[in-house]
>>> print(open('structure-v1.txt').read())   # compact mmCIF, C-alpha atoms
# COMPACT_ATOMS: atom_id res chain seq x y z
CA MET A 170 -23.32 -11.94 -13.64
CA LYS A 171 -24.18 -10.42 -17.02
CA LEU A 172 -24.23 -12.90 -19.87
CA LYS A 173 -22.17 -11.72 -22.83
CA ILE A 174 -22.82 -13.39 -26.17
CA ASN A 175 -21.16 -12.22 -29.35
CA PRO A 176 -23.99 -11.96 -31.93
CA ASN A 177 -21.74 -13.47 -34.59
CA TYR A 178 -21.00 -16.61 -32.54
CA ILE A 179 -24.24 -18.27 -33.62
CA VAL A 180 -23.43 -17.87 -37.34
CA ILE A 181 -19.81 -18.91 -36.76
CA THR A 182 -20.96 -22.01 -34.85
CA GLY A 183 -23.46 -23.07 -37.53
CA PHE A 184 -20.96 -22.53 -40.33
CA THR A 185 -18.18 -24.35 -38.43
CA ILE A 186 -20.44 -27.38 -37.85
CA GLY A 187 -21.14 -27.57 -41.61
CA ILE A 188 -17.48 -27.24 -42.61
CA ALA A 189 -16.25 -29.58 -39.84
CA ALA A 190 -18.77 -32.28 -40.80
CA ALA A 191 -17.72 -32.07 -44.45
CA ALA A 192 -14.02 -32.17 -43.50
CA ALA A 193 -14.58 -35.15 -41.18
CA GLN A 194 -16.06 -37.12 -44.06
CA ALA A 195 -13.66 -35.91 -46.75
CA PHE A 196 -10.36 -36.35 -44.93
CA PHE A 197 -10.92 -38.33 -41.72
CA ASP A 198 -13.05 -41.24 -42.98
CA VAL A 199 -16.08 -40.47 -40.80
CA GLN A 200 -18.34 -42.50 -43.12
CA PRO A 201 -20.44 -44.48 -44.09
CA PRO A 202 -23.19 -43.31 -44.14
CA GLN A 203 -22.90 -40.00 -45.97
CA ALA A 204 -23.17 -36.63 -44.17
CA TYR A 205 -22.38 -38.33 -40.86
CA GLY A 206 -19.59 -36.04 -39.63
CA VAL A 207 -21.71 -34.45 -36.93
CA CYS A 208 -24.84 -36.25 -35.70
CA LEU A 209 -26.03 -36.11 -32.10
CA ILE A 210 -28.16 -39.21 -32.60
CA GLY A 211 -25.77 -41.35 -34.64
CA HIS A 212 -22.52 -40.71 -32.75
CA PRO A 213 -23.98 -41.27 -29.26
CA SER A 214 -25.57 -44.49 -30.56
CA ILE A 215 -22.19 -45.62 -31.95
CA LEU A 216 -20.63 -45.05 -28.54
CA VAL A 217 -23.41 -46.98 -26.78
CA LYS A 218 -23.30 -49.85 -29.32
CA TRP A 219 -19.49 -50.02 -29.07
CA PHE A 220 -19.73 -50.43 -25.30
CA MET A 221 -22.60 -52.93 -25.57
CA ASN A 222 -20.56 -54.98 -28.04
CA HIS A 223 -17.32 -54.82 -26.05
CA ILE A 224 -18.73 -55.21 -22.53
CA PHE A 225 -21.76 -57.45 -23.05
CA GLY A 226 -20.45 -59.34 -26.10
CA MET A 227 -23.31 -58.24 -28.33
CA HIS A 228 -23.04 -57.96 -32.12
CA LEU A 229 -24.77 -54.69 -32.92
CA PRO A 230 -23.77 -53.27 -36.34
CA ILE A 231 -21.38 -50.30 -36.18
CA SER A 232 -20.16 -48.00 -38.97
CA THR A 233 -16.82 -49.36 -40.28
CA ALA A 234 -15.03 -46.14 -39.26
CA PHE A 235 -15.70 -46.91 -35.57
CA LEU A 236 -15.28 -50.67 -35.37
CA VAL A 237 -11.99 -50.58 -33.44
CA TYR A 238 -12.28 -47.24 -31.64
CA PRO A 239 -15.63 -45.56 -30.89
CA SER A 240 -16.72 -42.06 -31.86
CA LEU A 241 -15.75 -39.49 -29.24
CA LEU A 242 -17.85 -36.65 -30.64
CA VAL A 243 -20.10 -36.42 -27.57
CA ALA A 244 -17.12 -36.63 -25.21
CA GLY A 245 -15.48 -33.79 -27.16
CA ILE A 246 -18.63 -31.65 -27.18
CA THR A 247 -19.12 -32.15 -23.45
CA GLY A 248 -15.45 -31.43 -22.74
CA GLY A 249 -15.40 -28.33 -24.95
CA ALA A 250 -18.60 -26.96 -23.42
CA LEU A 251 -17.32 -27.69 -19.90
CA PHE A 252 -14.06 -25.87 -20.62
CA SER A 253 -15.93 -22.90 -22.09
CA SER A 254 -18.40 -22.68 -19.20
CA ILE A 255 -15.61 -22.82 -16.59
CA LYS A 256 -13.55 -20.26 -18.51
CA SER A 257 -16.47 -17.84 -18.77
CA GLY A 258 -17.60 -18.41 -15.18
CA GLU A 259 -21.02 -19.71 -16.26
CA PHE A 260 -20.63 -23.21 -14.83
CA LYS A 261 -21.16 -22.03 -11.27
CA THR A 262 -24.15 -19.84 -12.09
CA THR A 263 -26.10 -22.67 -13.73
CA LEU A 264 -25.42 -24.96 -10.77
CA LYS A 265 -26.81 -22.35 -8.43
CA MET A 266 -30.08 -22.08 -10.36
CA LYS A 267 -33.35 -23.01 -8.64
CA PRO A 268 -33.75 -26.81 -8.68
CA ALA A 269 -36.33 -28.15 -11.13
CA SER A 270 -39.67 -29.57 -9.95
CA THR A 271 -40.23 -33.32 -9.81
CA ARG A 272 -42.54 -33.12 -12.82
CA SER A 273 -40.03 -31.25 -14.98
CA LYS A 274 -37.32 -33.73 -13.93
CA PHE A 275 -39.56 -36.63 -15.01
CA ASN A 276 -40.41 -34.81 -18.26
CA ALA A 277 -36.72 -34.27 -18.99
CA ILE A 278 -36.01 -38.01 -18.68
CA LEU A 279 -39.10 -38.91 -20.74
CA PHE A 280 -38.35 -36.40 -23.50
CA GLY A 281 -34.74 -37.61 -23.73
CA PHE A 282 -35.97 -41.20 -24.03
CA LEU A 283 -38.49 -40.31 -26.75
CA VAL A 284 -36.10 -38.10 -28.73
CA ALA A 285 -33.53 -40.93 -28.78
CA ASN A 286 -36.07 -43.46 -30.06
CA PHE A 287 -37.64 -41.19 -32.70
CA GLY A 288 -34.19 -39.95 -33.71
CA LEU A 289 -32.86 -43.46 -34.21
CA ILE A 290 -35.86 -44.32 -36.41
CA VAL A 291 -35.06 -41.23 -38.49
CA GLY A 292 -31.34 -42.02 -38.37
CA ALA A 293 -30.43 -38.38 -37.91
CA CYS A 294 -30.59 -35.46 -35.49
CA PRO A 295 -31.69 -31.99 -36.71
CA ILE A 296 -28.03 -31.12 -37.39
CA ARG A 297 -27.44 -34.15 -39.62
CA THR A 298 -30.75 -33.41 -41.34
CA ALA A 299 -29.32 -30.03 -42.39
CA LEU A 300 -26.12 -31.80 -43.51
CA LEU A 301 -28.19 -34.23 -45.61
CA VAL A 302 -29.99 -31.31 -47.25
CA SER A 303 -26.57 -29.76 -47.96
CA TYR A 304 -25.53 -33.09 -49.46
CA GLY A 305 -28.42 -32.84 -51.92
CA SER A 306 -30.62 -35.51 -50.32
CA VAL A 307 -34.33 -35.37 -51.18
CA LEU A 308 -35.10 -37.51 -48.12
CA GLY A 309 -33.17 -34.95 -46.05
CA GLY A 310 -35.49 -32.26 -47.41
CA ILE A 311 -38.55 -34.30 -46.38
CA MET A 312 -37.02 -34.80 -42.92
CA LEU A 313 -36.33 -31.07 -42.56
CA ALA A 314 -39.92 -30.22 -43.52
CA ALA A 315 -41.15 -32.78 -40.95
CA ILE A 316 -38.87 -31.29 -38.26
CA ILE A 317 -40.19 -27.77 -38.94
CA PHE A 318 -43.76 -29.12 -38.74
CA GLY A 319 -42.97 -30.94 -35.48
CA VAL A 320 -41.56 -27.74 -33.95
CA PHE A 321 -44.66 -25.87 -35.13
CA LEU A 322 -46.94 -28.41 -33.40
CA ALA A 323 -44.89 -28.09 -30.19
CA THR A 324 -45.15 -24.28 -30.29
CA LEU A 325 -48.96 -24.62 -30.48
CA ARG A 326 -48.82 -26.59 -27.24
CA LEU A 327 -46.38 -24.12 -25.67
CA ARG A 328 -48.71 -21.23 -26.55
CA ARG A 329 -51.63 -22.98 -24.82
CA SER A 330 -49.63 -23.73 -21.67
CA MET B 54 -7.95 -44.31 -35.28
CA LEU B 55 -8.16 -41.25 -37.55
CA ALA B 56 -11.96 -40.99 -37.16
CA PHE B 57 -11.60 -41.55 -33.38
CA ILE B 58 -9.24 -38.57 -32.98
CA ALA B 59 -11.06 -36.40 -35.54
CA THR B 60 -14.41 -36.78 -33.74
CA LEU B 61 -12.78 -35.85 -30.41
CA VAL B 62 -11.11 -32.72 -31.81
CA ILE B 63 -14.21 -31.63 -33.77
CA GLY B 64 -16.33 -32.25 -30.67
CA LEU B 65 -14.08 -30.08 -28.49
CA VAL B 66 -14.29 -27.17 -30.96
CA LEU B 67 -18.04 -27.49 -31.46
CA GLY B 68 -18.67 -27.88 -27.72
CA TYR B 69 -16.74 -24.68 -27.03
CA LEU B 70 -18.56 -22.74 -29.77
CA GLY B 71 -21.91 -24.28 -28.84
CA GLN B 72 -21.55 -23.11 -25.25
CA ARG B 73 -20.58 -19.59 -26.29
CA SER B 74 -23.35 -19.22 -28.89
CA ARG B 75 -26.28 -21.25 -27.40
CA PHE B 76 -26.61 -22.90 -30.82
CA CYS B 77 -29.65 -25.15 -31.07
CA ALA B 78 -31.04 -26.81 -34.18
CA VAL B 79 -34.72 -26.70 -33.15
CA SER B 80 -34.91 -23.56 -30.98
CA GLY B 81 -34.33 -21.36 -34.04
CA PHE B 82 -37.60 -22.54 -35.58
CA ARG B 83 -39.34 -22.44 -32.17
CA ASP B 84 -38.30 -18.82 -31.54
CA TRP B 85 -39.39 -17.81 -35.02
CA PHE B 86 -42.82 -19.43 -34.60
CA LEU B 87 -43.31 -18.01 -31.10
CA ILE B 88 -41.79 -14.52 -31.16
CA ARG B 89 -40.49 -14.06 -34.74
CA ASP B 90 -36.90 -13.96 -33.39
CA THR B 91 -34.32 -15.03 -36.00
CA ARG B 92 -31.10 -15.06 -33.92
CA LEU B 93 -30.88 -18.84 -33.49
CA LEU B 94 -32.37 -19.47 -36.92
CA LYS B 95 -29.37 -17.70 -38.45
CA GLY B 96 -27.21 -20.45 -36.96
CA TYR B 97 -29.21 -23.15 -38.72
CA GLY B 98 -29.00 -21.17 -41.99
CA ALA B 99 -25.23 -20.91 -41.53
CA LEU B 100 -25.08 -24.68 -40.90
CA LEU B 101 -26.84 -25.31 -44.22
CA ALA B 102 -24.51 -22.86 -45.99
CA GLY B 103 -21.42 -24.37 -44.35
CA GLY B 104 -22.51 -27.85 -45.39
CA VAL B 105 -23.19 -26.84 -49.01
CA LEU B 106 -19.85 -25.03 -49.33
CA GLY B 107 -17.91 -27.69 -47.41
CA TYR B 108 -19.16 -30.71 -49.36
CA ALA B 109 -18.84 -28.95 -52.74
CA PHE B 110 -15.36 -27.58 -52.04
CA PHE B 111 -13.93 -30.76 -50.50
CA LYS B 112 -15.37 -32.79 -53.38
CA LEU B 113 -13.68 -30.38 -55.79
CA ILE B 114 -10.24 -30.74 -54.18
CA GLY B 115 -10.44 -34.53 -54.07
CA GLY B 116 -11.89 -35.31 -50.63
CA LYS B 117 -13.85 -38.55 -50.11
CA ILE B 118 -17.30 -37.08 -50.71
CA LEU B 119 -19.00 -40.14 -52.16
CA ASN B 120 -22.37 -40.21 -54.00
CA TYR B 121 -22.55 -36.42 -54.05
CA PRO B 122 -25.23 -35.16 -54.51
CA LEU B 123 -27.41 -37.89 -53.02
CA GLY B 124 -30.50 -36.86 -55.02
CA MET B 125 -33.56 -39.14 -54.95
CA ASP B 126 -32.54 -41.33 -52.02
CA ILE B 127 -36.09 -42.22 -50.98
CA GLY B 128 -36.34 -46.02 -50.77
CA THR B 129 -40.08 -46.60 -50.55
CA ALA B 130 -43.00 -44.25 -49.91
CA GLY B 131 -43.88 -46.21 -46.76
CA GLY B 132 -40.35 -45.99 -45.42
CA ALA B 133 -40.21 -42.25 -46.11
CA ALA B 134 -43.56 -41.80 -44.33
CA VAL B 135 -42.27 -43.64 -41.23
CA ILE B 136 -39.14 -41.45 -41.22
CA ALA B 137 -41.21 -38.27 -41.63
CA ILE B 138 -43.54 -39.21 -38.75
CA ALA B 139 -40.54 -40.04 -36.54
CA ALA B 140 -38.91 -36.71 -37.48
CA ILE B 141 -42.08 -34.89 -36.40
CA GLY B 142 -41.96 -36.76 -33.08
CA MET B 143 -38.25 -36.02 -32.59
CA ALA B 144 -38.75 -32.29 -33.27
CA TYR B 145 -41.91 -32.12 -31.13
CA PHE B 146 -40.28 -33.61 -28.04
CA SER B 147 -36.98 -31.77 -28.62
CA THR B 148 -38.89 -28.48 -28.57
CA LEU B 149 -40.75 -29.43 -25.40
CA ALA B 150 -37.41 -30.48 -23.85
CA ASP B 151 -36.09 -26.97 -24.64
CA GLY B 152 -33.37 -28.00 -27.07
CA CYS B 153 -31.97 -30.44 -29.60
CA PRO B 154 -29.59 -33.23 -28.46
CA PHE B 155 -26.56 -31.01 -29.24
CA ARG B 156 -27.91 -28.22 -27.02
CA GLN B 157 -28.73 -30.71 -24.24
CA HIS B 158 -25.16 -32.10 -24.23
CA VAL B 159 -23.75 -28.55 -24.05
CA ALA B 160 -26.22 -27.48 -21.34
CA ALA B 161 -25.44 -30.60 -19.30
CA ALA B 162 -21.73 -29.69 -19.42
CA THR B 163 -22.53 -26.23 -18.05
CA GLY B 164 -24.17 -27.79 -14.99
CA SER B 165 -27.87 -27.92 -15.92
CA THR B 166 -29.43 -30.74 -13.89
CA THR B 167 -32.48 -30.84 -16.19
CA SER B 168 -30.21 -31.49 -19.18
CA LEU B 169 -28.31 -34.15 -17.21
CA LEU B 170 -31.64 -35.91 -16.56
CA TYR B 171 -32.53 -35.50 -20.24
CA LEU B 172 -29.25 -37.27 -21.13
CA LEU B 173 -30.07 -40.04 -18.64
CA GLY B 174 -33.33 -40.64 -20.53
CA PHE B 175 -31.58 -40.16 -23.89
CA TYR B 176 -28.91 -42.82 -23.35
CA THR B 177 -31.43 -45.18 -21.73
CA GLY B 178 -33.56 -44.60 -24.83
CA ILE B 179 -30.67 -45.57 -27.12
CA VAL B 180 -30.14 -48.86 -25.25
CA TYR B 181 -33.90 -49.51 -25.27
CA PHE B 182 -34.04 -48.80 -29.01
CA PHE B 183 -31.47 -51.48 -29.87
CA LEU B 184 -33.00 -54.03 -27.50
CA VAL B 185 -36.72 -53.43 -28.13
CA THR B 186 -37.78 -50.65 -30.54
CA THR B 187 -35.67 -51.89 -33.47
CA ASN B 188 -37.61 -55.20 -33.46
CA ILE B 189 -40.96 -53.37 -33.46
CA VAL B 190 -39.82 -51.06 -36.28
CA SER B 191 -38.66 -54.00 -38.43
CA ILE B 192 -42.07 -55.69 -38.01
CA ILE B 193 -43.88 -52.45 -38.98
CA SER B 194 -41.52 -51.97 -41.95
CA LYS B 195 -42.26 -55.50 -43.20
CA LEU B 196 -46.01 -54.84 -42.92
CA ILE B 197 -45.70 -51.55 -44.86
CA THR B 198 -43.40 -52.90 -47.60
>>> encode(input="structure-v1.txt", output="structure tokens")
Amino acid sequence: MKLKINPNYIVITGFTIGIAAAAAQAFFDVQPPQAYGVCLIGHPSILVKWFMNHIFGMHLPISTAFLVYPSLLVAGITGGALFSSIKSGEFKTTLKMKPASTRSKFNAILFGFLVANFGLIVGACPIRTALLVSYGSVLGGIMLAAIIFGVFLATLRLRRS
Amino acid sequence: MLAFIATLVIGLVLGYLGQRSRFCAVSGFRDWFLIRDTRLLKGYGALLAGGVLGYAFFKLIGGKILNYPLGMDIGTAGGAAVIAIAAIGMAYFSTLADGCPFRQHVAAATGSTTSLLYLLGFYTGIVYFFLVTTNIVSIISKLIT
């Protein structure tokens, strides 16, 4: 099956994330902290902390906006992507792909673990970093420069392998 | 309740668009460094532009955009250094994993087993962070400051 991607989708997606994150903070109380409307480190951690607090009786601090009900950003993203992939017929094709090797499966788990831990130290994913820069944060600018440098280091390794 | 519903609706829209566009916040830089391809990088540029316009406009019409612009929000030099080093680590391993957390969630929903395993490690990592890493980080922070 030929993959059809509208070239403008990527710009539309980036722009929509920026606007949606700003709208979430401005009108739907998705704060504190600032520029938190879309964060794929912060929102998953809220969901995990909410469950840890409610199931295991822990007292992990949660943003006031999600004290009673958790953030469903990741559930929405997964649901939206699932709907889109089924609608476009791509869900089946990815399932039929050649299974990954044991090493790449282990690497996937390890990289996910490390990204979560580094990301939680930063307090932001690369998307929220861009939102922080848009919000006029100097620290966000430092984080963005560090992210670009980190990607550059990884590309050096990818070139060698 | 408002934030709960808003995050679900925003997530559904972004998940749909993310699947159609293959948007990724680190792959744009990776592709530019490796093959000078700017397709995905345009998405990150549009994200920055959308954020700038969104925050400025919503602030203008009376939305709750507090402390805008944030400006010099660096607490201490040591703290900023720890954050910068962690950001390098996050970007490094995200690139090796073939996508940022947003891309991995979208790819997992399209049936990628590698991304599903990534998410297994990711959510285990979050639990581990709050049980173990956070204590180590607080000790290091006290030593630095």
>>> closest_residue(input="structure-v1.txt", among="B:Leu196, B:Ser80, B:Ala162, B:Thr129", to="chain A", atoms="all atoms listed in the file")
B:Ala162
>>> residues_around(input="structure-v1.txt", residues="B:Thr187", least_positions_apart="6", cutoff="12 Å", atoms="all atoms listed in the file", output="ChimeraX atom specification")
/A:229,286-287,289-292 /B:178-181,193-194
>>> atom_distance(input="structure-v1.txt", atom1="atom CA of A:Gly281", atom2="atom CA of A:Gly211")
14.6 Å
>>> residues_around(input="structure-v1.txt", residues="B:Ile141", least_positions_apart="4", cutoff="9 Å", atoms="all atoms listed in the file", output="ChimeraX atom specification")
/A:287,312,314-320,322 /B:136-137,145-146
>>> residues_near_point(input="structure-v1.txt", point="(-31.3, -18.8, -39.9)", cutoff="12 Å", atoms="only C-alpha atoms", output="short mmCIF file (atom, residue, chain, number, x, y, z; two decimals) with C-alpha atoms, in the coordinates of the input")
data_model
loop_
_atom_site.label_atom_id
_atom_site.label_comp_id
_atom_site.auth_asym_id
_atom_site.auth_seq_id
_atom_site.Cartn_x
_atom_site.Cartn_y
_atom_site.Cartn_z
CA ILE A 179 -24.24 -18.27 -33.62
CA VAL A 180 -23.43 -17.87 -37.34
CA ILE A 181 -19.81 -18.91 -36.76
CA THR A 182 -20.96 -22.01 -34.85
CA GLY A 183 -23.46 -23.07 -37.53
CA PHE A 184 -20.96 -22.53 -40.33
CA ALA A 299 -29.32 -30.03 -42.39
CA PHE B 76 -26.61 -22.90 -30.82
CA CYS B 77 -29.65 -25.15 -31.07
CA ALA B 78 -31.04 -26.81 -34.18
CA VAL B 79 -34.72 -26.70 -33.15
CA SER B 80 -34.91 -23.56 -30.98
CA GLY B 81 -34.33 -21.36 -34.04
CA PHE B 82 -37.60 -22.54 -35.58
CA ARG B 83 -39.34 -22.44 -32.17
CA ASP B 84 -38.30 -18.82 -31.54
CA TRP B 85 -39.39 -17.81 -35.02
CA ARG B 89 -40.49 -14.06 -34.74
CA ASP B 90 -36.90 -13.96 -33.39
CA THR B 91 -34.32 -15.03 -36.00
CA ARG B 92 -31.10 -15.06 -33.92
CA LEU B 93 -30.88 -18.84 -33.49
CA LEU B 94 -32.37 -19.47 -36.92
CA LYS B 95 -29.37 -17.70 -38.45
CA GLY B 96 -27.21 -20.45 -36.96
CA TYR B 97 -29.21 -23.15 -38.72
CA GLY B 98 -29.00 -21.17 -41.99
CA ALA B 99 -25.23 -20.91 -41.53
CA LEU B 100 -25.08 -24.68 -40.90
CA LEU B 101 -26.84 -25.31 -44.22
CA ALA B 102 -24.51 -22.86 -45.99
#
>>> closest_residue(input="structure-v1.txt", among="A:Phe282, A:Ser306, A:Ile311, A:Leu325", to="B:Gly124", atoms="only C-alpha atoms")
A:Ser306
>>> atom_distance(input="structure-v1.txt", atom1="atom CA of B:Ala59", atom2="atom CA of A:Phe197")
6.5 Å
>>> atom_distance(input="structure-v1.txt", atom1="atom CA of B:Val66", atom2="atom CA of B:Thr167")
23.7 Å
>>> closest_residue(input="structure-v1.txt", among="A:Trp219, A:Phe321, A:Tyr304, A:Phe260", to="B:Ala161", atoms="only C-alpha atoms")
A:Phe260
>>> closest_residue(input="structure-v1.txt", among="A:Ala250, A:Cys294, A:Ile224, A:Cys208", to="chain B", atoms="all atoms listed in the file")
A:Ala250
>>> closest_residue(input="structure-v1.txt", among="B:Ile192, B:Leu65, B:Ile138, B:Leu106", to="chain A", atoms="all atoms listed in the file")
B:Leu65
>>> closest_residue(input="structure-v1.txt", among="A:Asn222, A:Asn276, A:Gln200, A:Thr185", to="B:Ile118", atoms="all atoms listed in the file")
A:Gln200
>>> build_atoms(input="structure-v1.txt", residues="stretch 235-264 of chain A", atoms="N, CA and C atoms", output="PDB file, keeping the file's coordinate frame")
ATOM      1  N   PHE A 235     -15.789 -46.862 -37.043  1.00  0.00           N
ATOM      2  CA  PHE A 235     -15.700 -46.910 -35.570  1.00  0.00           C
ATOM      3  C   PHE A 235     -15.726 -48.331 -35.028  1.00  0.00           C
ATOM      4  N   LEU A 236     -15.282 -49.279 -35.827  1.00  0.00           N
ATOM      5  CA  LEU A 236     -15.280 -50.670 -35.370  1.00  0.00           C
ATOM      6  C   LEU A 236     -14.264 -50.901 -34.255  1.00  0.00           C
ATOM      7  N   VAL A 237     -13.069 -50.347 -34.426  1.00  0.00           N
ATOM      8  CA  VAL A 237     -11.990 -50.580 -33.440  1.00  0.00           C
ATOM      9  C   VAL A 237     -12.072 -49.573 -32.295  1.00  0.00           C
ATOM     10  N   TYR A 238     -12.163 -48.305 -32.651  1.00  0.00           N
ATOM     11  CA  TYR A 238     -12.280 -47.240 -31.640  1.00  0.00           C
ATOM     12  C   TYR A 238     -13.624 -46.538 -31.825  1.00  0.00           C
ATOM     13  N   PRO A 239     -14.308 -46.197 -30.738  1.00  0.00           N
ATOM     14  CA  PRO A 239     -15.630 -45.560 -30.890  1.00  0.00           C
ATOM     15  C   PRO A 239     -15.532 -44.086 -31.262  1.00  0.00           C
ATOM     16  N   SER A 240     -16.668 -43.496 -31.599  1.00  0.00           N
ATOM     17  CA  SER A 240     -16.720 -42.060 -31.860  1.00  0.00           C
ATOM     18  C   SER A 240     -16.669 -41.312 -30.522  1.00  0.00           C
ATOM     19  N   LEU A 241     -15.849 -40.284 -30.476  1.00  0.00           N
ATOM     20  CA  LEU A 241     -15.750 -39.490 -29.240  1.00  0.00           C
ATOM     21  C   LEU A 241     -16.347 -38.093 -29.423  1.00  0.00           C
ATOM     22  N   LEU A 242     -17.263 -37.963 -30.384  1.00  0.00           N
ATOM     23  CA  LEU A 242     -17.850 -36.650 -30.640  1.00  0.00           C
ATOM     24  C   LEU A 242     -18.553 -36.091 -29.404  1.00  0.00           C
ATOM     25  N   VAL A 243     -19.363 -36.918 -28.740  1.00  0.00           N
ATOM     26  CA  VAL A 243     -20.100 -36.420 -27.570  1.00  0.00           C
ATOM     27  C   VAL A 243     -19.155 -36.102 -26.406  1.00  0.00           C
ATOM     28  N   ALA A 244     -18.100 -36.911 -26.271  1.00  0.00           N
ATOM     29  CA  ALA A 244     -17.120 -36.630 -25.210  1.00  0.00           C
ATOM     30  C   ALA A 244     -16.433 -35.292 -25.485  1.00  0.00           C
ATOM     31  N   GLY A 245     -16.112 -35.051 -26.769  1.00  0.00           N
ATOM     32  CA  GLY A 245     -15.480 -33.790 -27.160  1.00  0.00           C
ATOM     33  C   GLY A 245     -16.408 -32.610 -26.927  1.00  0.00           C
ATOM     34  N   ILE A 246     -17.664 -32.740 -27.345  1.00  0.00           N
ATOM     35  CA  ILE A 246     -18.630 -31.650 -27.180  1.00  0.00           C
ATOM     36  C   ILE A 246     -18.807 -31.323 -25.699  1.00  0.00           C
ATOM     37  N   THR A 247     -18.944 -32.359 -24.888  1.00  0.00           N
ATOM     38  CA  THR A 247     -19.120 -32.150 -23.450  1.00  0.00           C
ATOM     39  C   THR A 247     -17.877 -31.495 -22.844  1.00  0.00           C
ATOM     40  N   GLY A 248     -16.714 -31.985 -23.246  1.00  0.00           N
ATOM     41  CA  GLY A 248     -15.450 -31.430 -22.740  1.00  0.00           C
ATOM     42  C   GLY A 248     -15.260 -29.981 -23.170  1.00  0.00           C
ATOM     43  N   GLY A 249     -15.536 -29.685 -24.424  1.00  0.00           N
ATOM     44  CA  GLY A 249     -15.400 -28.330 -24.950  1.00  0.00           C
ATOM     45  C   GLY A 249     -16.347 -27.363 -24.263  1.00  0.00           C
ATOM     46  N   ALA A 250     -17.593 -27.808 -24.072  1.00  0.00           N
ATOM     47  CA  ALA A 250     -18.600 -26.960 -23.420  1.00  0.00           C
ATOM     48  C   ALA A 250     -18.245 -26.744 -21.946  1.00  0.00           C
ATOM     49  N   LEU A 251     -17.720 -27.791 -21.307  1.00  0.00           N
ATOM     50  CA  LEU A 251     -17.320 -27.690 -19.900  1.00  0.00           C
ATOM     51  C   LEU A 251     -16.178 -26.681 -19.742  1.00  0.00           C
ATOM     52  N   PHE A 252     -15.197 -26.789 -20.638  1.00  0.00           N
ATOM     53  CA  PHE A 252     -14.060 -25.870 -20.620  1.00  0.00           C
ATOM     54  C   PHE A 252     -14.537 -24.422 -20.806  1.00  0.00           C
ATOM     55  N   SER A 253     -15.425 -24.240 -21.798  1.00  0.00           N
ATOM     56  CA  SER A 253     -15.930 -22.900 -22.090  1.00  0.00           C
ATOM     57  C   SER A 253     -16.728 -22.326 -20.921  1.00  0.00           C
ATOM     58  N   SER A 254     -17.561 -23.182 -20.305  1.00  0.00           N
ATOM     59  CA  SER A 254     -18.400 -22.680 -19.200  1.00  0.00           C
ATOM     60  C   SER A 254     -17.567 -22.343 -17.975  1.00  0.00           C
ATOM     61  N   ILE A 255     -16.502 -23.120 -17.721  1.00  0.00           N
ATOM     62  CA  ILE A 255     -15.610 -22.820 -16.590  1.00  0.00           C
ATOM     63  C   ILE A 255     -14.832 -21.541 -16.869  1.00  0.00           C
ATOM     64  N   LYS A 256     -14.343 -21.430 -18.119  1.00  0.00           N
ATOM     65  CA  LYS A 256     -13.550 -20.260 -18.510  1.00  0.00           C
ATOM     66  C   LYS A 256     -14.361 -18.971 -18.403  1.00  0.00           C
ATOM     67  N   SER A 257     -15.643 -19.052 -18.783  1.00  0.00           N
ATOM     68  CA  SER A 257     -16.470 -17.840 -18.770  1.00  0.00           C
ATOM     69  C   SER A 257     -17.176 -17.616 -17.433  1.00  0.00           C
ATOM     70  N   GLY A 258     -16.987 -18.552 -16.504  1.00  0.00           N
ATOM     71  CA  GLY A 258     -17.600 -18.410 -15.180  1.00  0.00           C
ATOM     72  C   GLY A 258     -19.075 -18.746 -15.148  1.00  0.00           C
ATOM     73  N   GLU A 259     -19.584 -19.389 -16.189  1.00  0.00           N
ATOM     74  CA  GLU A 259     -21.020 -19.710 -16.260  1.00  0.00           C
ATOM     75  C   GLU A 259     -21.355 -21.044 -15.624  1.00  0.00           C
ATOM     76  N   PHE A 260     -20.366 -21.873 -15.393  1.00  0.00           N
ATOM     77  CA  PHE A 260     -20.630 -23.210 -14.830  1.00  0.00           C
ATOM     78  C   PHE A 260     -21.249 -23.094 -13.440  1.00  0.00           C
ATOM     79  N   LYS A 261     -20.692 -22.217 -12.637  1.00  0.00           N
ATOM     80  CA  LYS A 261     -21.160 -22.030 -11.270  1.00  0.00           C
ATOM     81  C   LYS A 261     -22.585 -21.486 -11.239  1.00  0.00           C
ATOM     82  N   THR A 262     -22.841 -20.504 -12.117  1.00  0.00           N
ATOM     83  CA  THR A 262     -24.150 -19.840 -12.090  1.00  0.00           C
ATOM     84  C   THR A 262     -25.278 -20.823 -12.436  1.00  0.00           C
ATOM     85  N   THR A 263     -25.039 -21.733 -13.368  1.00  0.00           N
ATOM     86  CA  THR A 263     -26.100 -22.670 -13.730  1.00  0.00           C
ATOM     87  C   THR A 263     -26.318 -23.694 -12.619  1.00  0.00           C
ATOM     88  N   LEU A 264     -25.263 -24.015 -11.885  1.00  0.00           N
ATOM     89  CA  LEU A 264     -25.420 -24.960 -10.770  1.00  0.00           C
ATOM     90  C   LEU A 264     -26.224 -24.349  -9.629  1.00  0.00           C
TER      91      LEU A 264
END
